[in-house]
$ cat query-v2.txt   # compact mmCIF, C-alpha atoms
# COMPACT_ATOMS: atom_id res chain seq x y z
CA MET A 1 -93.63 -12.31 -119.13
CA SER A 2 -92.51 -9.04 -120.67
CA PRO A 3 -89.33 -7.37 -119.39
CA PRO A 4 -89.76 -4.51 -116.92
CA PRO A 5 -89.82 -1.02 -118.43
CA CYS A 6 -86.55 0.84 -118.58
CA PRO A 7 -86.26 4.02 -116.55
CA GLU A 8 -86.25 7.22 -118.58
CA SER A 9 -82.64 7.95 -117.73
CA ALA A 10 -81.57 4.66 -119.32
CA MET A 11 -83.57 5.11 -122.53
CA ALA A 12 -81.72 6.03 -125.71
CA THR A 13 -82.99 8.96 -127.75
CA THR A 14 -83.00 9.31 -131.53
CA ILE A 15 -82.60 12.27 -133.88
CA PRO A 16 -83.10 12.39 -137.62
CA CYS A 17 -79.92 12.51 -139.70
CA SER A 18 -79.83 12.25 -143.47
CA SER A 19 -83.21 10.51 -143.48
CA LYS A 20 -81.78 7.85 -141.17
CA ARG A 21 -82.21 7.43 -137.43
CA ARG A 22 -79.15 7.20 -135.20
CA ARG A 23 -78.98 5.80 -131.66
CA ILE A 24 -77.39 8.05 -129.08
CA GLU A 25 -76.17 6.33 -125.94
CA PRO A 26 -77.32 7.87 -122.65
CA ASP A 27 -74.91 10.16 -120.84
CA GLY A 28 -72.59 8.34 -118.43
CA ALA A 29 -73.10 4.89 -119.99
CA ASP A 30 -70.26 2.58 -119.03
CA SER A 31 -68.39 0.75 -121.77
CA TRP A 32 -67.77 -3.00 -121.64
CA ALA A 33 -64.13 -2.34 -120.88
CA SER A 34 -65.01 -0.56 -117.64
CA LEU A 35 -67.15 -3.30 -116.08
CA HIS A 36 -66.62 -3.70 -112.36
CA GLU A 37 -63.93 -6.24 -111.52
CA ASP A 38 -66.30 -8.47 -109.53
CA LEU A 39 -68.71 -8.60 -112.48
CA VAL A 40 -65.89 -9.46 -114.89
CA GLN A 41 -64.81 -12.30 -112.60
CA LEU A 42 -68.38 -13.62 -112.39
CA ILE A 43 -68.80 -13.58 -116.17
CA GLY A 44 -65.38 -15.21 -116.53
CA CYS A 45 -66.47 -18.09 -114.25
CA TRP A 46 -69.53 -18.69 -116.42
CA VAL A 47 -67.41 -18.67 -119.58
CA LEU A 48 -64.82 -21.00 -118.05
CA ALA A 49 -67.54 -23.47 -117.07
CA GLY A 50 -68.29 -23.83 -120.78
CA ASP A 51 -64.88 -24.10 -122.44
CA LEU A 52 -61.31 -23.20 -121.58
CA LEU A 53 -60.48 -21.65 -124.96
CA ASP A 54 -63.58 -19.42 -124.78
CA TYR A 55 -62.22 -18.23 -121.43
CA VAL A 56 -58.84 -17.48 -123.04
CA ARG A 57 -60.60 -15.42 -125.73
CA PHE A 58 -62.66 -13.67 -123.05
CA ARG A 59 -59.50 -12.55 -121.24
CA ALA A 60 -58.03 -11.29 -124.53
CA VAL A 61 -60.81 -8.70 -125.02
CA CYS A 62 -58.98 -5.96 -123.11
CA THR A 63 -56.31 -5.44 -120.47
CA HIS A 64 -58.92 -4.76 -117.76
CA TRP A 65 -60.66 -8.09 -118.32
CA LYS A 66 -57.32 -9.86 -118.39
CA SER A 67 -56.09 -8.28 -115.15
CA SER A 68 -59.42 -8.95 -113.42
CA THR A 69 -59.40 -12.71 -114.05
CA VAL A 70 -57.04 -15.57 -113.22
CA GLY A 71 -54.79 -16.71 -116.05
CA PRO A 72 -54.63 -20.43 -116.79
CA ARG A 73 -50.91 -20.56 -117.60
CA GLY A 74 -49.04 -22.03 -114.65
CA ARG A 75 -52.32 -23.25 -113.14
CA GLY A 76 -53.47 -25.49 -115.98
CA LEU A 77 -52.76 -28.70 -114.05
CA VAL A 78 -53.17 -27.78 -110.37
CA ASP A 79 -56.54 -26.05 -110.87
CA PRO A 80 -59.13 -28.51 -112.27
CA ARG A 81 -61.22 -25.60 -113.58
CA PHE A 82 -58.60 -25.14 -116.31
CA HIS A 83 -58.56 -28.76 -117.48
CA PRO A 84 -59.63 -28.87 -121.17
CA ARG A 85 -62.23 -31.58 -120.57
CA ARG A 86 -64.02 -31.55 -123.91
CA TRP A 87 -60.87 -31.45 -126.04
CA MET A 88 -59.33 -34.54 -127.60
CA MET A 89 -56.20 -35.08 -129.65
CA LEU A 90 -57.19 -35.82 -133.25
CA PRO A 91 -56.01 -39.13 -134.75
CA GLU A 92 -54.68 -38.01 -138.12
CA GLY A 93 -54.70 -41.38 -139.85
CA TYR A 94 -52.19 -42.44 -142.53
CA GLY A 95 -49.73 -43.44 -139.77
CA LEU A 96 -49.11 -39.79 -138.82
CA TYR A 97 -48.48 -40.31 -135.11
CA PRO A 98 -47.83 -37.24 -132.88
CA GLY A 99 -44.24 -36.23 -133.53
CA HIS A 100 -44.19 -37.56 -137.10
CA PRO A 101 -41.75 -35.47 -139.19
CA SER A 102 -44.50 -34.63 -141.70
CA LEU A 103 -46.50 -32.81 -139.01
CA GLY A 104 -43.77 -30.26 -138.31
CA GLY A 105 -44.19 -30.48 -134.53
CA TYR A 106 -47.90 -29.60 -134.66
CA VAL A 107 -50.75 -31.61 -133.15
CA ARG A 108 -54.44 -31.03 -133.86
CA PHE A 109 -57.18 -31.10 -131.24
CA PHE A 110 -60.93 -30.96 -131.62
CA ASN A 111 -63.76 -30.14 -129.25
CA LEU A 112 -66.14 -33.04 -128.75
CA SER A 113 -69.03 -30.66 -128.04
CA THR A 114 -68.60 -28.03 -130.76
CA GLY A 115 -66.45 -29.75 -133.40
CA VAL A 116 -64.00 -26.83 -133.37
CA PHE A 117 -60.41 -27.65 -134.39
CA VAL A 118 -57.19 -26.03 -133.14
CA ARG A 119 -53.58 -26.72 -134.03
CA VAL A 120 -50.94 -26.57 -131.28
CA HIS A 121 -47.16 -26.62 -131.63
CA LEU A 122 -45.86 -29.38 -129.32
CA PRO A 123 -42.28 -30.21 -130.32
CA LEU A 124 -41.73 -32.41 -127.25
CA PHE A 125 -43.44 -35.27 -129.14
CA GLN A 126 -40.11 -35.79 -130.89
CA ASP A 127 -38.99 -37.86 -127.91
CA HIS A 128 -42.30 -38.55 -126.15
CA THR A 129 -45.18 -40.93 -126.77
CA VAL A 130 -48.75 -40.18 -125.72
CA LEU A 131 -50.38 -42.99 -123.74
CA ASP A 132 -53.74 -41.63 -122.69
CA SER A 133 -55.88 -38.53 -122.35
CA THR A 134 -57.88 -37.73 -119.24
CA ASP A 135 -59.86 -34.50 -118.78
CA GLY A 136 -58.12 -33.28 -121.94
CA LEU A 137 -54.68 -33.64 -120.31
CA LEU A 138 -52.13 -35.81 -122.09
CA LEU A 139 -50.24 -38.60 -120.35
CA LEU A 140 -46.79 -38.81 -121.94
CA HIS A 141 -44.06 -41.45 -121.85
CA ARG A 142 -40.51 -40.20 -122.45
CA ASP A 143 -38.87 -42.58 -124.89
CA ASN A 144 -35.33 -42.75 -123.53
CA ASP A 145 -35.99 -43.33 -119.80
CA THR A 146 -39.74 -44.28 -119.47
CA ALA A 147 -40.44 -41.19 -117.33
CA ILE A 148 -44.12 -40.25 -117.18
CA ARG A 149 -45.19 -36.64 -117.68
CA LEU A 150 -48.59 -34.97 -117.55
CA LEU A 151 -49.05 -32.21 -120.13
CA HIS A 152 -51.67 -29.50 -120.51
CA PRO A 153 -51.66 -29.09 -124.30
CA PHE A 154 -52.89 -25.46 -124.31
CA THR A 155 -50.93 -23.90 -121.44
CA GLY A 156 -47.77 -26.02 -121.76
CA ASP A 157 -47.79 -26.86 -118.04
CA ILE A 158 -46.02 -30.16 -117.26
CA ALA A 159 -45.94 -32.31 -114.12
CA GLU A 160 -43.11 -34.79 -113.67
CA PHE A 161 -43.69 -38.37 -112.52
CA PRO A 162 -41.28 -41.29 -111.94
CA PRO A 163 -40.03 -43.63 -114.69
CA LEU A 164 -42.23 -46.66 -115.26
CA LEU A 165 -39.15 -48.85 -114.90
CA SER A 166 -39.61 -48.43 -111.15
CA VAL A 167 -42.64 -50.77 -111.19
CA LEU A 168 -40.69 -53.74 -112.56
CA PRO A 169 -38.90 -54.71 -109.30
CA GLN A 170 -42.32 -54.70 -107.60
CA MET A 171 -43.94 -56.74 -110.36
CA GLU A 172 -41.32 -59.31 -111.33
CA PRO A 173 -39.94 -62.04 -109.07
CA ARG A 174 -36.66 -60.86 -107.58
CA GLN A 175 -34.71 -63.68 -109.19
CA ARG A 176 -36.03 -63.00 -112.69
CA TYR A 177 -35.58 -59.23 -112.40
CA GLY A 178 -31.94 -59.66 -111.39
CA TYR A 179 -31.17 -61.39 -114.70
CA MET A 180 -33.06 -58.94 -116.95
CA THR A 181 -30.92 -56.86 -119.31
CA GLU A 182 -31.61 -53.17 -119.92
CA ASP A 183 -33.16 -53.99 -123.30
CA SER A 184 -35.41 -56.64 -121.82
CA LYS A 185 -36.59 -54.21 -119.14
CA PHE A 186 -37.52 -51.62 -121.77
CA ARG A 187 -39.19 -54.30 -123.85
CA GLU A 188 -41.23 -55.46 -120.85
CA ILE A 189 -42.36 -51.89 -120.11
CA ARG A 190 -43.47 -51.30 -123.69
CA LEU A 191 -45.31 -54.60 -123.68
CA PHE A 192 -47.80 -53.58 -121.01
CA LEU A 193 -48.03 -50.01 -122.31
CA ARG A 194 -50.50 -51.45 -124.82
CA GLY A 195 -53.21 -51.18 -122.17
CA VAL A 196 -52.82 -48.13 -119.93
CA SER A 197 -55.55 -45.88 -118.59
CA ALA A 198 -54.89 -42.91 -116.33
CA ALA A 199 -56.95 -41.12 -113.69
CA VAL A 200 -55.81 -37.72 -112.42
CA SER A 201 -56.84 -36.20 -109.09
CA VAL A 202 -55.81 -32.86 -107.61
CA SER A 203 -55.96 -32.11 -103.88
CA ALA A 204 -57.08 -28.80 -102.42
CA ALA A 205 -53.40 -27.97 -101.90
CA GLY A 206 -52.65 -28.55 -105.60
CA THR A 207 -50.98 -31.95 -105.24
CA ILE A 208 -51.37 -34.01 -108.44
CA THR A 209 -51.79 -37.77 -108.15
CA ILE A 210 -52.05 -40.22 -111.04
CA MET A 211 -53.40 -43.76 -111.01
CA LEU A 212 -52.35 -45.99 -113.91
CA GLY A 213 -54.46 -48.99 -114.80
CA LEU A 214 -51.97 -51.52 -116.20
CA ASP A 215 -54.57 -53.80 -117.72
CA ILE A 216 -52.09 -56.23 -119.32
CA ARG A 217 -50.79 -57.08 -115.85
CA HIS A 218 -54.09 -56.57 -113.99
CA ARG A 219 -52.45 -54.12 -111.59
CA VAL A 220 -52.80 -50.45 -110.69
CA ALA A 221 -49.87 -48.12 -109.98
CA HIS A 222 -49.99 -44.68 -108.40
CA ALA A 223 -47.62 -41.79 -107.83
CA THR A 224 -47.68 -38.14 -106.85
CA ALA A 225 -45.86 -35.48 -108.86
CA GLY A 226 -42.26 -35.38 -107.70
CA ASP A 227 -42.17 -38.96 -106.34
CA GLN A 228 -39.11 -41.09 -107.05
CA GLN A 229 -40.98 -44.28 -107.92
CA TRP A 230 -44.42 -45.70 -108.64
CA SER A 231 -46.23 -47.69 -105.98
CA LEU A 232 -47.95 -50.87 -107.14
CA SER A 233 -51.25 -52.17 -105.80
CA ALA A 234 -51.01 -55.22 -103.54
CA TRP A 235 -54.12 -56.65 -105.23
CA LYS A 236 -54.92 -57.55 -108.82
CA LEU A 237 -57.75 -56.35 -111.01
CA PRO A 238 -60.57 -58.83 -111.66
CA ARG A 239 -61.06 -60.48 -115.05
CA LEU A 240 -61.89 -57.49 -117.24
CA GLN A 241 -64.53 -57.26 -119.93
CA ALA A 242 -62.75 -54.26 -121.48
CA LEU A 243 -60.03 -51.72 -120.71
CA THR A 244 -60.41 -49.64 -117.58
CA MET A 245 -61.47 -46.03 -118.02
CA SER A 246 -61.26 -42.92 -115.87
CA SER A 247 -63.83 -40.40 -114.75
CA GLN A 248 -63.56 -37.62 -112.18
CA GLY A 249 -60.25 -38.89 -110.80
CA LYS A 250 -61.37 -42.50 -110.38
CA LEU A 251 -60.83 -45.65 -112.43
CA TYR A 252 -63.73 -47.83 -113.52
CA ALA A 253 -63.74 -51.33 -114.95
CA THR A 254 -66.30 -53.81 -116.25
CA ALA A 255 -65.63 -57.25 -114.82
CA ALA A 256 -67.00 -60.70 -115.57
CA ASN A 257 -67.74 -63.55 -113.19
CA SER A 258 -67.61 -67.05 -114.64
CA ALA A 259 -70.05 -68.21 -111.96
CA ASP A 260 -72.56 -65.50 -112.89
CA LYS A 261 -72.83 -65.09 -116.65
CA ASN A 262 -76.11 -63.20 -116.42
CA ASN A 263 -74.55 -60.05 -114.99
CA VAL A 264 -71.77 -57.59 -115.72
CA TYR A 265 -70.10 -55.99 -112.72
CA VAL A 266 -68.89 -52.39 -112.68
CA CYS A 267 -66.04 -51.76 -110.26
CA GLN A 268 -64.68 -48.46 -108.97
CA ILE A 269 -61.09 -47.77 -107.89
CA ASP A 270 -60.74 -44.68 -105.73
CA PRO A 271 -57.64 -42.47 -105.57
CA PRO A 272 -54.98 -43.57 -103.05
CA GLN A 273 -55.85 -42.93 -99.41
CA PRO A 274 -53.44 -41.74 -96.70
CA ASN A 275 -52.18 -44.24 -94.12
CA ALA A 276 -51.35 -43.55 -90.47
CA ASP A 277 -47.65 -43.10 -91.35
CA GLY A 278 -48.44 -40.52 -94.05
CA SER A 279 -47.91 -42.85 -97.01
CA LEU A 280 -50.59 -43.55 -99.61
CA SER A 281 -52.15 -46.86 -100.55
CA LEU A 282 -54.87 -48.09 -102.88
CA LEU A 283 -58.00 -49.72 -101.55
CA PRO A 284 -59.20 -52.79 -103.48
CA PRO A 285 -61.79 -52.26 -106.24
CA ARG A 286 -65.34 -52.14 -105.00
CA MET A 287 -68.38 -53.17 -106.96
CA ILE A 288 -70.75 -50.24 -107.43
CA VAL A 289 -73.38 -51.86 -109.65
CA ARG A 290 -74.39 -55.23 -111.00
CA CYS A 291 -75.94 -54.97 -114.45
CA PRO A 292 -78.28 -57.73 -115.64
CA VAL A 293 -77.60 -58.82 -119.19
CA VAL A 294 -80.54 -59.17 -121.57
CA GLY A 295 -79.49 -61.60 -124.29
CA THR A 296 -75.88 -62.35 -125.10
CA ILE A 297 -73.02 -59.85 -125.22
CA CYS A 298 -69.37 -60.24 -126.15
CA THR A 299 -67.93 -57.23 -124.31
CA ALA A 300 -69.22 -54.39 -122.18
CA HIS A 301 -67.53 -51.00 -122.32
CA LEU A 302 -67.82 -47.93 -120.14
CA VAL A 303 -68.01 -44.56 -121.89
CA GLU A 304 -67.96 -41.15 -120.23
CA CYS A 305 -70.63 -38.69 -121.31
CA GLY A 306 -70.29 -35.43 -119.40
CA SER A 307 -70.58 -36.34 -115.73
CA GLU A 308 -72.34 -39.63 -116.46
CA LEU A 309 -71.18 -43.10 -117.42
CA MET A 310 -72.73 -45.14 -120.19
CA LEU A 311 -72.42 -48.90 -120.31
CA VAL A 312 -72.34 -50.10 -123.91
CA GLY A 313 -72.65 -53.77 -124.80
CA PHE A 314 -71.81 -55.27 -128.15
CA SER A 315 -74.04 -57.78 -129.94
CA ASP A 316 -77.27 -57.36 -127.91
CA ARG A 317 -79.19 -55.16 -125.54
CA LEU A 318 -77.69 -54.41 -122.14
CA SER A 319 -79.82 -53.04 -119.34
CA ALA A 320 -77.85 -50.95 -116.87
CA GLN A 321 -78.39 -48.31 -114.23
CA VAL A 322 -75.06 -46.48 -114.12
CA GLU A 323 -76.34 -42.89 -114.18
CA ALA A 324 -76.94 -43.42 -117.87
CA TRP A 325 -79.18 -44.98 -120.52
CA ASP A 326 -79.90 -48.36 -122.04
CA LEU A 327 -78.01 -48.63 -125.31
CA ARG A 328 -78.03 -51.16 -128.11
CA GLN A 329 -75.44 -52.02 -130.75
CA SER A 330 -75.74 -54.83 -133.25
CA HIS A 331 -72.89 -57.28 -133.73
CA THR A 332 -73.20 -56.99 -137.52
CA ARG A 333 -73.24 -53.20 -137.82
CA VAL A 334 -72.72 -50.00 -135.86
CA GLU A 335 -75.73 -47.77 -135.31
CA GLN A 336 -75.92 -44.20 -134.08
CA PHE A 337 -78.48 -43.02 -131.51
CA ASP A 338 -80.04 -39.55 -131.75
CA LEU A 339 -80.52 -38.32 -128.18
CA GLY A 340 -82.99 -35.68 -129.36
CA SER A 341 -85.38 -37.90 -131.30
CA GLY A 342 -84.60 -41.16 -129.50
CA THR A 343 -84.15 -43.02 -132.78
CA TRP A 344 -81.50 -45.34 -134.21
CA SER A 345 -80.05 -45.07 -137.71
CA PRO A 346 -77.15 -46.70 -139.61
CA ALA A 347 -73.83 -45.09 -138.74
CA LEU A 348 -71.94 -43.15 -141.37
CA ASP A 349 -68.91 -45.38 -140.84
CA ALA A 350 -70.76 -48.67 -140.54
CA HIS A 351 -67.90 -50.56 -142.22
CA ILE A 352 -65.46 -49.86 -139.34
CA PRO A 353 -66.08 -53.00 -137.25
CA HIS A 354 -66.17 -55.46 -140.13
CA ARG A 355 -63.64 -58.20 -139.61
CA ASP A 356 -62.39 -58.56 -143.11
CA ASP A 357 -59.65 -57.22 -145.35
CA ARG A 358 -61.32 -53.92 -146.17
CA ILE A 359 -59.36 -50.80 -145.24
CA PRO A 360 -61.53 -47.72 -144.54
CA ALA A 361 -61.51 -45.31 -147.45
CA SER A 362 -60.25 -41.76 -146.99
CA PRO A 363 -61.06 -38.99 -146.39
CA TYR A 364 -62.31 -40.19 -143.02
CA THR A 365 -65.47 -38.84 -141.48
CA LEU A 366 -65.47 -37.02 -138.15
CA ALA A 367 -67.48 -39.91 -136.68
CA HIS A 368 -64.62 -42.26 -137.60
CA HIS A 369 -62.08 -39.97 -135.91
CA ILE A 370 -64.18 -39.82 -132.73
CA PHE A 371 -64.70 -43.59 -132.76
CA THR A 372 -60.93 -44.08 -133.09
CA CYS A 373 -60.35 -41.98 -129.95
CA CYS A 374 -61.98 -44.78 -127.94
CA TYR A 375 -59.21 -47.17 -128.99
CA ARG A 376 -55.93 -45.80 -127.66
CA ASN A 377 -53.77 -48.35 -129.49
CA TYR A 378 -54.93 -46.79 -132.78
CA TRP A 379 -55.38 -43.23 -131.53
CA ASN A 380 -51.78 -42.65 -130.42
CA ARG A 381 -50.25 -44.32 -133.49
CA GLY A 382 -51.81 -42.07 -136.11
CA LEU A 383 -54.00 -44.93 -137.35
CA MET A 384 -57.74 -45.04 -137.96
CA LEU A 385 -59.72 -47.79 -136.29
CA CYS A 386 -60.09 -50.80 -138.54
CA THR A 387 -60.24 -54.43 -137.48
CA ALA A 388 -58.31 -55.40 -140.60
CA ILE A 389 -55.27 -53.69 -139.03
CA LYS A 390 -53.80 -54.69 -135.68
CA PRO A 391 -51.31 -52.12 -134.31
CA GLU A 392 -48.17 -53.33 -132.63
CA TYR A 393 -47.25 -51.85 -129.27
CA LEU A 394 -44.48 -49.80 -130.89
CA VAL A 395 -45.67 -46.28 -131.63
CA LYS A 396 -42.71 -44.76 -133.39
CA PRO A 397 -40.90 -46.59 -136.19
CA ILE A 398 -37.35 -46.00 -134.94
CA PHE A 399 -36.00 -46.21 -131.38
CA GLU A 400 -32.40 -45.29 -130.69
CA GLU A 401 -29.93 -46.27 -127.99
CA ARG A 402 -31.83 -47.63 -124.98
CA GLY A 403 -35.14 -47.28 -126.75
CA SER A 404 -34.08 -49.67 -129.51
CA MET A 405 -35.56 -53.12 -129.64
CA ASP A 406 -32.58 -55.49 -129.35
CA GLY A 407 -30.45 -52.90 -131.16
CA HIS A 408 -32.47 -53.02 -134.39
CA SER A 409 -34.17 -50.17 -136.20
CA TRP A 410 -37.80 -50.54 -137.18
CA CYS A 411 -39.04 -49.25 -140.51
CA ILE A 412 -42.51 -47.88 -141.05
CA GLY A 413 -43.58 -51.22 -142.49
CA ASP A 414 -43.21 -52.73 -139.01
CA PHE A 415 -45.47 -50.06 -137.57
CA CYS A 416 -48.55 -52.24 -137.81
CA ARG A 417 -49.53 -55.56 -139.26
CA ARG A 418 -52.59 -56.87 -141.00
CA VAL A 419 -54.72 -59.44 -139.25
CA PRO A 420 -55.20 -62.56 -141.41
CA ALA A 421 -58.68 -62.84 -142.84

$ encode --input "query-v2.txt" --output "structure tokens"
Amino acid sequence: MSPPPCPESAMATTIPCSSKRRRIEPDGADSWASLHEDLVQLIGCWVLAGDLLDYVRFRAVCTHWKSSTVGPRGRGLVDPRFHPRRWMMLPEGYGLYPGHPSLGGYVRFFNLSTGVFVRVHLPLFQDHTVLDSTDGLLLLHRDNDTAIRLLHPFTGDIAEFPPLLSVLPQMEPRQRYGYMTEDSKFREIRLFLRGVSAAVSVSAAGTITIMLGLDIRHRVAHATAGDQQWSLSAWKLPRLQALTMSSQGKLYATAANSADKNNVYVCQIDPPQPNADGSLSLLPPRMIVRCPVVGTICTAHLVECGSELMLVGFSDRLSAQVEAWDLRQSHTRVEQFDLGSGTWSPALDAHIPHRDDRIPASPYTLAHHIFTCCYRNYWNRGLMLCTAIKPEYLVKPIFEERGSMDGHSWCIGDFCRRVPA
């Protein structure tokens, strides 16, 4: 269908000038800078729905556009529209963890949709460790007191949460906890930090709540910004096939049942619900789908893709109906699936999963960086995924005072260890 004809008053006229034709705008034409405020806000909402940084650039066009739209700074955490969902912290490789002196306080991020890179100055990584990323927000652990903080990497907004040490009295038998030294408490905390996944939910009033999946201990903790301590679930997680993952403020887990080896169960953990006395508590996990297994699989992982979840099984074909697709990955190689053509092809980094002594060659491909993001114990240590290397739970090579391990310093050689062939 052709566009409707323009009225004569809106048509531009032309006059000859030096053998060239020049457009003359109609009288009274409004410039972009004088768009009506309501129209600027509407366009801004469309831009924000695509990408936060595009919205920041949109507001920088002129003072009128900036004053007509809501700024993200100060609202980056409490307003979910400003969460940088498609942005991920880049694993640098070479052991360059966030806060490494060679990085000069800068951290790089890349957009999973466009491949765009940005570099952000975040000096707080000098005494913080990143544990997880959810909706583009970074979950941080302060080294000297185990306090948890939620950071928006582009606006600098921070929400304060209680120290993780507050879960130990709820987790350990009272008699054992009473005899634990300060060093042993810190060591215990760092032990189960190897498997942490976070889900962030924001209420209509702007209250931020975090659920932490402590997979090593099969428990879930929750707290609201400003709380004095974490609350621990009264129940335990089922036997997990893989680490829990978050999506849209909820935690999800793939669980196995020894009595039913022909199915993989996907469980959902909802945000804490209010009790009659005003306190919050976690309801037990509920099974949302039972996925029949075709063939034999070793592990089943959940992966977020936009607003959908994909269930990916290693070593054979897995048939699932979790708002997603059937995917296949071979146990001897990694393949990549083209969503446009519906075809499989060998992955560019097919050597990554090999269980041998080979270290991936540099420079690393972008596919390798993205693949590493799925493995937080490599991602937050500045390492690239490689099964020939097994990271220790320590992230930084040197911990001082309370953060030291039995009073000893750790050199970079203790940062990770090679798995015997």

$ atom_distance --input "query-v2.txt" --atom1 "atom CA of A:Leu232" --atom2 "atom CA of A:Met171"
7.8 Å

$ residues_around --input "query-v2.txt" --residues "stretch 268-276 of chain A" --least-positions-apart "3" --cutoff "9 Å" --atoms "all atoms listed in the file" --output "PyMOL selection string"
chain A and resi 199-201+209-211+222-223+249-253+279-288

$ write_last_selection --input "query-v2.txt" --atoms "C-alpha atoms" --output "short mmCIF file (atom, residue, chain, number, x, y, z; two decimals), in the frame of the given file"
data_model
loop_
_atom_site.label_atom_id
_atom_site.label_comp_id
_atom_site.auth_asym_id
_atom_site.auth_seq_id
_atom_site.Cartn_x
_atom_site.Cartn_y
_atom_site.Cartn_z
CA ALA A 199 -56.95 -41.12 -113.69
CA VAL A 200 -55.81 -37.72 -112.42
CA SER A 201 -56.84 -36.20 -109.09
CA THR A 209 -51.79 -37.77 -108.15
CA ILE A 210 -52.05 -40.22 -111.04
CA MET A 211 -53.40 -43.76 -111.01
CA HIS A 222 -49.99 -44.68 -108.40
CA ALA A 223 -47.62 -41.79 -107.83
CA GLY A 249 -60.25 -38.89 -110.80
CA LYS A 250 -61.37 -42.50 -110.38
CA LEU A 251 -60.83 -45.65 -112.43
CA TYR A 252 -63.73 -47.83 -113.52
CA ALA A 253 -63.74 -51.33 -114.95
CA SER A 279 -47.91 -42.85 -97.01
CA LEU A 280 -50.59 -43.55 -99.61
CA SER A 281 -52.15 -46.86 -100.55
CA LEU A 282 -54.87 -48.09 -102.88
CA LEU A 283 -58.00 -49.72 -101.55
CA PRO A 284 -59.20 -52.79 -103.48
CA PRO A 285 -61.79 -52.26 -106.24
CA ARG A 286 -65.34 -52.14 -105.00
CA MET A 287 -68.38 -53.17 -106.96
CA ILE A 288 -70.75 -50.24 -107.43
#

$ closest_residue --input "query-v2.txt" --among "A:Asn380, A:Gln170, A:Thr181, A:Ser247" --to "A:Asp135" --atoms "all atoms listed in the file"
A:Ser247

$ residues_around --input "query-v2.txt" --residues "A:Arg142" --least-positions-apart "6" --cutoff "8 Å" --atoms "all atoms listed in the file" --output "list of chain:residue names"
A:Asp127, A:His128, A:Thr129, A:Ile148, A:Arg149

$ axis_aligned_box --input "query-v2.txt" --around "stretch 275-280 of chain A" --padding-each-side "3 Å" --output "lines of an AutoDock Vina configuration file"
center_x = -49.9
center_y = -42.4
center_z = -95.0
size_x = 10.5
size_y = 9.7
size_z = 15.1

$ residues_around --input "query-v2.txt" --residues "A:Met180" --least-positions-apart "6" --cutoff "12 Å" --atoms "all atoms listed in the file" --output "MDAnalysis selection string"
chainID A and resid 165 168:169 172:174 186:188

$ residues_around --input "query-v2.txt" --residues "A:Arg75" --least-positions-apart "4" --cutoff "12 Å" --atoms "all atoms listed in the file" --output "CSV table (one decimal) with C-alpha atoms, in the frame of the given file"
chain,number,residue,atom,x,y,z
A,70,VAL,CA,-57.0,-15.6,-113.2
A,71,GLY,CA,-54.8,-16.7,-116.0
A,79,ASP,CA,-56.5,-26.0,-110.9
A,80,PRO,CA,-59.1,-28.5,-112.3
A,81,ARG,CA,-61.2,-25.6,-113.6
A,82,PHE,CA,-58.6,-25.1,-116.3
A,83,HIS,CA,-58.6,-28.8,-117.5
A,151,LEU,CA,-49.0,-32.2,-120.1
A,152,HIS,CA,-51.7,-29.5,-120.5
A,154,PHE,CA,-52.9,-25.5,-124.3
A,155,THR,CA,-50.9,-23.9,-121.4
A,156,GLY,CA,-47.8,-26.0,-121.8
A,157,ASP,CA,-47.8,-26.9,-118.0
A,158,ILE,CA,-46.0,-30.2,-117.3
A,159,ALA,CA,-45.9,-32.3,-114.1
A,202,VAL,CA,-55.8,-32.9,-107.6
A,206,GLY,CA,-52.6,-28.6,-105.6
A,207,THR,CA,-51.0,-32.0,-105.2
A,208,ILE,CA,-51.4,-34.0,-108.4

$ atom_distance --input "query-v2.txt" --atom1 "atom CA of A:Met88" --atom2 "atom CA of A:Cys373"
7.9 Å

$ atom_distance --input "query-v2.txt" --atom1 "atom CA of A:Ser68" --atom2 "atom CA of A:Leu150"
28.5 Å

$ residues_around --input "query-v2.txt" --residues "A:Leu103" --least-positions-apart "4" --cutoff "12 Å" --atoms "only C-alpha atoms" --output "ChimeraX atom specification"
/A:92-99,107-108,119-123,125-126,382

$ decode --input "query-v2.txt" --residues "stretch 192-198 of chain A" --atoms "N, CA and C atoms" --output "PDB file, in the first residue's frame"
ATOM      1  N   PHE A 192      30.878 -21.808  50.223  1.00  0.00           N
ATOM      2  CA  PHE A 192      29.637 -21.970  49.463  1.00  0.00           C
ATOM      3  C   PHE A 192      29.344 -20.800  48.538  1.00  0.00           C
ATOM      4  N   LEU A 193      30.266 -19.812  48.446  1.00  0.00           N
ATOM      5  CA  LEU A 193      30.133 -18.785  47.425  1.00  0.00           C
ATOM      6  C   LEU A 193      30.485 -19.317  46.046  1.00  0.00           C
ATOM      7  N   ARG A 194      31.004 -20.540  45.980  1.00  0.00           N
ATOM      8  CA  ARG A 194      31.325 -21.131  44.682  1.00  0.00           C
ATOM      9  C   ARG A 194      30.075 -21.369  43.858  1.00  0.00           C
ATOM     10  N   GLY A 195      28.930 -21.519  44.487  1.00  0.00           N
ATOM     11  CA  GLY A 195      27.692 -21.745  43.756  1.00  0.00           C
ATOM     12  C   GLY A 195      26.590 -20.842  44.252  1.00  0.00           C
ATOM     13  N   VAL A 196      26.516 -19.613  43.744  1.00  0.00           N
ATOM     14  CA  VAL A 196      25.504 -18.654  44.167  1.00  0.00           C
ATOM     15  C   VAL A 196      24.792 -18.119  42.926  1.00  0.00           C
ATOM     16  N   SER A 197      23.488 -18.131  42.954  1.00  0.00           N
ATOM     17  CA  SER A 197      22.701 -17.491  41.902  1.00  0.00           C
ATOM     18  C   SER A 197      21.697 -16.567  42.565  1.00  0.00           C
ATOM     19  N   ALA A 198      21.477 -15.410  41.954  1.00  0.00           N
ATOM     20  CA  ALA A 198      20.636 -14.384  42.569  1.00  0.00           C
ATOM     21  C   ALA A 198      19.437 -14.071  41.689  1.00  0.00           C
TER      22      ALA A 198
END
